[in-house]
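Student: Attaching a single structure in structure tokens format; questions to follow.
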Amino acid sequence: MLELKNISYAVKDEQTGKKQTILKDVSLTFPDGAISVITGPNGSGKSTLIKILMGFVRPTSGSVLFNGEDVTALSVTERARKGFTIAFQQPVRFKGITVKDLLELACGRQLNTEGMCECLSSVGLCARNYIDRAVDGTLSGGELKRIELAMAIAKGGEVFLLDEPEAGIDLWSFEDLVKVFQKLHDKTVIIVSHQQRILETADQIVLFDHDKVITAGRKEEMFAALTSSAPLCWRSVKEG
Amino acid sequence: MDRTDEKLLEEIADLHGIPEGSFNIRKNGKLLARNSDTDIEIVSKTDKDGIDIIVKPGVKNKSVHIPVLLTVGDFRDTVYNDFFIGDGAEVTIIAGCGIHNATCSDAEHDGVHTFYVGKNAKVRYVEKHVGTGDGTGKKKFDPVTKIYLKENACFTLESTQLGGVTDTDRKTFATVGKNAQLIVKEKILTDRTDRAVTDFKVRLSGRGSRADIVSRSVARGDSLQHFRSDMIGKNECFGHVECDGIVLDRGRIVSTPKIDAVSPEASLVHEAAVGKIAGEQLLKLMSLGLTETEAEAAVIRGFLN
């Protein structure tokens with residue numbers, strides 16, 4: 001189980017010099033064997049929360065507990081080795097590093113063609129066409145996103161942090177994407193998403209709203225609450 | 001040949017012992033071994049130190065190895081090698097030089113190589129420079145490469161220097177004829193107080209000529225690199241120069257481009273990017289479980305791959 005206790009995060013606005021609060025006193029619980037989807041408008045702190053969970057940024061205050069252990073001070077590497085796995089919202093490009101290299105780094109051992117196929121076919125890519133390709137600008141945004149997910153699958157782990165995994169992936173492949181989430185159903189899966197189709201896969205929905213008040217609830221309750229009150233962010237999700 | 005020679009040969013030319021086909025192995029300024037065959041003839045020069053390598057027209061899928069070993073200090077070896085590639089020939093030339101200097105005096109190898117590439121010929125020229133030995137003497141290379149490409153010829157230069165070389169000043173000149181193509185893939189890694197200068201002068205003189213020069217370099221420690229390119233488009237042509245550099249520690253990379261479209265039909269592009277490893281690249285790899293040092297090594301390994 002992953003818990004956030006009273007997490008706050010503030011940065012100094014470089015132009016005005018004023019303190020800007022991104023997250024304020026957030027306490028959340030992400031249970032094992034459940035998919036939690038975080039949704040909400042742009043700029044509400046969803047990606048920041050993911051970065052705090054992975055250790056990319058340290059919260060200003062509060063703590064992150066993993067199976068009861070305080071991991072707030074652990075580095076990215078230490079968290080990765082404890083089973084935290086992330087798929088970036090915007091995949092990183094590398095000069096000269098191939099898909100095969102990254103998959104092998106992710107799983108920590110050499111992979112044969114069969115192993116590569118297993119990772120890549122689950123995200124709808126044919127290993128033969130991709131393993132020797134450099135993970136750079138020669139790949140499309142959608143291909144990079146799929147490879148990013150394949151890397152997360154190759155690495156494995158206990159906590160999966162997937163930041164807008166659907167971005168850039170065509171509508172026709174949504175079912176495959178949902179299958180990937182279903183495969184991770186025995187893990188702690190935290191997905192940032194704006195897509196209703198992905199919200200529907202959730203066991204728990206977390207809403208980040210404009211006023212920074214964050215609510216969590218069971219999917220059915222959250223759907224009912226959101227559709228009846230229809231705050232701005234939810235309307236844009238529905239219309240989008 | 002002793003164990004040091006074998007190790008150097010393996011590193012610079014992927015050779016495990018004496019190769020098949022034509023070859024010329026030079027050690028400490030003297031001929032160590034040679035084989036010349038009817039397709040690729042190797043002849044010693046009579047007016048100066050060096051060899052002529054004559055590839056018969058139409059020869060296909062052949063290779064020739066011409067490695068050089070230098071295992072003593074206080075020695076400067078200059079060699080003049082001329083390559084005559086016949087029309088329509090397709091050949092791979094594995095050159096490269098390894099200096100093992102365990103002394104406090106300098107060891108230097110300067111290969112002056114000139115390529116005359118015939119019509120429709122294809123050449124892949126692989127040159128690897130390696131420096132080993134813990135002496136304080138320099139391990140120095142100042143190669144000069146001149147390339148003349150006739151109509152429809154294609155020349156690929158793969159030049160690699162991945163550490164151990166303390167000083168290098170490389171000069172490459174090329175004249176590219178009608179519909180001919182020059183491809184350069186250069187990789188350089190410097191460390192400690194190493195100095196590396198690479199200088200390309202390319203003249204795209206023929207209609208439809210092309211050149212693609214990509215240099216990737218890593219400067220760590222207190223090392224300094226300078227990449228210079230001077231490309232002239234004298235006809236309808238396309239030229240692309242790219243200098244990509246990663247700096248670590250206190251390393252420094254200077255890139256000086258010059259492109260001159262003398263002909264209004266010439267299209268020339270120069271790209272350069274120098275900086276440290278992008279933070280997001282390190283974070284991505286660390287999120288896979290690598291330490292920062294391992295992530296840095298993985299980025300550099302891929303970059304110079």
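Ligands are numbered from 1 in the order shown, residues from 1 within each chain, and chains are lettered A, B, ... in the order they appear in the structure tokens.
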Can you list every residue of chain A that has an atom at most 6 Å from chain B, with its nearest atom pair and the distance in Å to one decimal, using only C-alpha atoms, ordered by chain then number, as CSV?

Tutor:
residue,atom,partner,partner_atom,distance
A:Val76,CA,B:Ser287,CA,5.7
A:Thr77,CA,B:Gly289,CA,4.8
A:Ala80,CA,B:Gly289,CA,4.9
A:Arg81,CA,B:Gly289,CA,5.4
A:Lys95,CA,B:Phe303,CA,5.3
A:Gly96,CA,B:Gly302,CA,4.5
A:Ile97,CA,B:Gly302,CA,4.5
A:Ala106,CA,B:Leu288,CA,5.1

Student: Could you turn the residues from that selection into a file that holds C-alpha atoms, as a PDB file, in the first residue's frame?

Tutor:
ATOM      1  CA  VAL A  76      14.968   7.716  -7.614  1.00  0.00           C
ATOM      2  CA  THR A  77      17.303   4.726  -7.963  1.00  0.00           C
ATOM      3  CA  ALA A  80      13.100   2.030  -8.633  1.00  0.00           C
ATOM      4  CA  ARG A  81      14.838  -0.878  -6.920  1.00  0.00           C
ATOM      5  CA  LYS A  95      20.910   9.588 -29.229  1.00  0.00           C
ATOM      6  CA  GLY A  96      22.236   6.171 -30.151  1.00  0.00           C
ATOM      7  CA  ILE A  97      20.405   4.161 -27.458  1.00  0.00           C
ATOM      8  CA  ALA A 106      14.790  -1.828 -17.745  1.00  0.00           C
TER       9      ALA A 106
END

Student: May I have the residues within 8 Å of B:Phe173 as a JSON list (two decimals) with C-alpha atoms, in the first residue's frame, using only C-alpha atoms and disregarding those fewer than 3 positions away in the same chain?

Tutor:
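Written file, part-v3.json:
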[["chain", "number", "residue", "atom", "x", "y", "z"],
["B", 144, "VAL", "CA", 45.78, 13.82, -42.78],
["B", 145, "THR", "CA", 43.15, 12.27, -45.03],
["B", 146, "LYS", "CA", 42.59, 13.47, -48.58],
["B", 147, "ILE", "CA", 39.66, 12.10, -50.56],
["B", 200, "PHE", "CA", 37.07, 19.04, -42.22],
["B", 201, "LYS", "CA", 37.37, 20.87, -45.53],
["B", 202, "VAL", "CA", 34.84, 19.61, -48.04]]

Student: Can you tell me which residues surround stretch 44-50 of chain A at a distance of at most 7 Å, considering only C-alpha atoms, apart from same-chain residues fewer than 6 positions away, and format the answer as a ChimeraX atom specification?

Tutor: /A:22-23,38,161,163,192,208-210,212

Student: What is the atom CA of B:Glu151-atom CA of B:Arg170 distance in Å, reported with one decimal?

Tutor: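 So the two atoms, atom CA of B:Glu151 and atom CA of B:Arg170, lie 26.2 Å apart.
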
Student: Neighbouring residues of stretch 252-260 of chain B were defined as those with any atom within 10 Å, considering only C-alpha atoms; residues of the same chain fewer than 2 positions away were excluded. Please report them as an MDAnalysis selection string.

Tutor: chainID B and resid 190 195:203 217:234 239:250 262:263 266:275

Student: Pull N, CA and C atoms from the residues just selected and write them as a short mmCIF file (atom, residue, chain, number, x, y, z; two decimals), in the first residue's frame.

Tutor:
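Output below, filename part.cif:
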data_model
loop_
_atom_site.label_atom_id
_atom_site.label_comp_id
_atom_site.auth_asym_id
_atom_site.auth_seq_id
_atom_site.Cartn_x
_atom_site.Cartn_y
_atom_site.Cartn_z
N THR B 190 37.53 12.22 -25.13
CA THR B 190 38.79 12.68 -24.52
C THR B 190 38.61 12.76 -23.01
N ARG B 195 43.89 16.65 -25.74
CA ARG B 195 43.50 17.69 -26.70
C ARG B 195 43.16 17.02 -28.03
N ALA B 196 42.04 17.43 -28.63
CA ALA B 196 41.67 16.86 -29.93
C ALA B 196 41.13 17.95 -30.85
N VAL B 197 41.72 18.04 -32.01
CA VAL B 197 41.23 19.00 -33.01
C VAL B 197 40.86 18.21 -34.25
N THR B 198 39.66 18.42 -34.76
CA THR B 198 39.31 17.79 -36.03
C THR B 198 38.88 18.89 -36.98
N ASP B 199 39.33 18.75 -38.19
CA ASP B 199 39.18 19.82 -39.16
C ASP B 199 38.74 19.22 -40.50
N PHE B 200 37.57 19.58 -40.95
CA PHE B 200 37.07 19.04 -42.22
C PHE B 200 36.98 20.17 -43.26
N LYS B 201 37.55 19.94 -44.42
CA LYS B 201 37.37 20.87 -45.53
C LYS B 201 36.77 20.07 -46.68
N VAL B 202 35.54 20.40 -47.02
CA VAL B 202 34.84 19.61 -48.04
C VAL B 202 34.40 20.52 -49.17
N ARG B 203 34.74 20.11 -50.38
CA ARG B 203 34.34 20.89 -51.55
C ARG B 203 33.36 20.04 -52.35
N SER B 217 31.00 13.72 -29.93
CA SER B 217 32.17 13.74 -29.07
C SER B 217 31.79 13.91 -27.61
N VAL B 218 32.66 13.35 -26.78
CA VAL B 218 32.49 13.48 -25.33
C VAL B 218 33.82 13.99 -24.76
N ALA B 219 33.75 15.07 -24.03
CA ALA B 219 34.96 15.62 -23.40
C ALA B 219 34.76 15.58 -21.89
N ARG B 220 35.60 14.81 -21.21
CA ARG B 220 35.52 14.77 -19.75
C ARG B 220 36.86 15.20 -19.15
N GLY B 221 36.94 15.17 -17.82
CA GLY B 221 38.17 15.63 -17.16
C GLY B 221 38.42 17.09 -17.47
N ASP B 222 39.67 17.40 -17.85
CA ASP B 222 40.02 18.77 -18.24
C ASP B 222 40.31 18.82 -19.73
N SER B 223 39.75 17.89 -20.48
CA SER B 223 40.11 17.79 -21.90
C SER B 223 39.42 18.87 -22.74
N LEU B 224 40.00 19.08 -23.90
CA LEU B 224 39.51 20.12 -24.81
C LEU B 224 39.42 19.58 -26.22
N GLN B 225 38.29 19.84 -26.86
CA GLN B 225 38.13 19.44 -28.26
C GLN B 225 37.73 20.65 -29.09
N HIS B 226 38.18 20.62 -30.31
CA HIS B 226 37.77 21.68 -31.24
C HIS B 226 37.36 21.02 -32.55
N PHE B 227 36.12 21.26 -32.92
CA PHE B 227 35.61 20.72 -34.19
C PHE B 227 35.49 21.87 -35.18
N ARG B 228 36.15 21.72 -36.32
CA ARG B 228 36.03 22.76 -37.34
C ARG B 228 35.54 22.13 -38.64
N SER B 229 34.65 22.81 -39.30
CA SER B 229 34.24 22.32 -40.62
C SER B 229 34.11 23.50 -41.57
N ASP B 230 34.49 23.23 -42.78
CA ASP B 230 34.47 24.26 -43.81
C ASP B 230 33.93 23.58 -45.07
N MET B 231 32.69 23.87 -45.40
CA MET B 231 32.08 23.18 -46.54
C MET B 231 31.69 24.20 -47.61
N ILE B 232 32.08 23.88 -48.82
CA ILE B 232 31.79 24.79 -49.94
C ILE B 232 30.92 24.07 -50.96
N GLY B 233 29.82 24.67 -51.33
CA GLY B 233 28.95 24.10 -52.36
C GLY B 233 29.16 24.85 -53.66
N LYS B 234 29.81 24.19 -54.60
CA LYS B 234 30.16 24.88 -55.85
C LYS B 234 29.24 24.52 -57.01
N GLY B 239 24.78 19.44 -48.58
CA GLY B 239 25.78 19.15 -47.55
C GLY B 239 25.21 19.35 -46.16
N HIS B 240 25.54 18.43 -45.29
CA HIS B 240 25.04 18.50 -43.91
C HIS B 240 26.19 18.23 -42.94
N VAL B 241 26.36 19.10 -41.99
CA VAL B 241 27.40 18.91 -40.98
C VAL B 241 26.73 18.96 -39.61
N GLU B 242 27.04 17.98 -38.78
CA GLU B 242 26.42 17.94 -37.45
C GLU B 242 27.50 17.68 -36.42
N CYS B 243 27.56 18.52 -35.43
CA CYS B 243 28.53 18.33 -34.34
C CYS B 243 27.74 18.25 -33.05
N ASP B 244 27.78 17.10 -32.42
CA ASP B 244 27.05 16.87 -31.18
C ASP B 244 28.06 16.60 -30.09
N GLY B 245 28.04 17.35 -29.05
CA GLY B 245 29.05 17.14 -28.01
C GLY B 245 28.46 17.06 -26.62
N ILE B 246 28.99 16.14 -25.83
CA ILE B 246 28.62 16.06 -24.41
C ILE B 246 29.85 16.46 -23.59
N VAL B 247 29.65 17.38 -22.68
CA VAL B 247 30.77 17.75 -21.80
C VAL B 247 30.48 17.27 -20.37
N LEU B 248 31.53 16.75 -19.76
CA LEU B 248 31.44 16.28 -18.38
C LEU B 248 32.59 16.92 -17.59
N ASP B 249 32.47 16.93 -16.30
CA ASP B 249 33.51 17.52 -15.44
C ASP B 249 33.83 18.95 -15.90
N ARG B 250 35.09 19.16 -16.29
CA ARG B 250 35.48 20.48 -16.77
C ARG B 250 35.84 20.43 -18.26
N VAL B 262 28.54 28.70 -52.64
CA VAL B 262 29.04 29.50 -53.77
C VAL B 262 28.01 29.46 -54.90
N SER B 263 27.47 28.28 -55.15
CA SER B 263 26.41 28.15 -56.14
C SER B 263 25.07 28.40 -55.47
N ALA B 266 23.25 25.35 -54.31
CA ALA B 266 23.79 24.52 -53.21
C ALA B 266 22.91 24.66 -51.97
N SER B 267 22.72 23.55 -51.27
CA SER B 267 21.95 23.57 -50.03
C SER B 267 22.83 23.00 -48.92
N LEU B 268 23.23 23.84 -48.00
CA LEU B 268 24.17 23.41 -46.95
C LEU B 268 23.57 23.67 -45.57
N VAL B 269 23.74 22.69 -44.68
CA VAL B 269 23.16 22.79 -43.34
C VAL B 269 24.23 22.49 -42.31
N HIS B 270 24.25 23.27 -41.27
CA HIS B 270 25.15 22.96 -40.15
C HIS B 270 24.35 22.93 -38.86
N GLU B 271 24.55 21.88 -38.06
CA GLU B 271 23.88 21.79 -36.76
C GLU B 271 24.95 21.53 -35.70
N ALA B 272 24.81 22.17 -34.58
CA ALA B 272 25.76 21.89 -33.49
C ALA B 272 25.04 22.00 -32.16
N ALA B 273 25.35 21.09 -31.29
CA ALA B 273 24.79 21.13 -29.94
C ALA B 273 25.84 20.63 -28.97
N VAL B 274 26.19 21.45 -28.01
CA VAL B 274 27.19 21.05 -27.01
C VAL B 274 26.61 21.32 -25.63
N GLY B 275 26.74 20.39 -24.74
CA GLY B 275 26.24 20.60 -23.39
C GLY B 275 26.38 19.34 -22.57
#

Student: From the set A:Gly83, A:Lys183, A:Val37, A:Arg109, which residue has the shortest atom-to-atom contact distance to A:Arg197, counting only C-alpha atoms?

Tutor: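 Once distances to A:Arg197 are computed over only C-alpha atoms, the minimum belongs to A:Val37.
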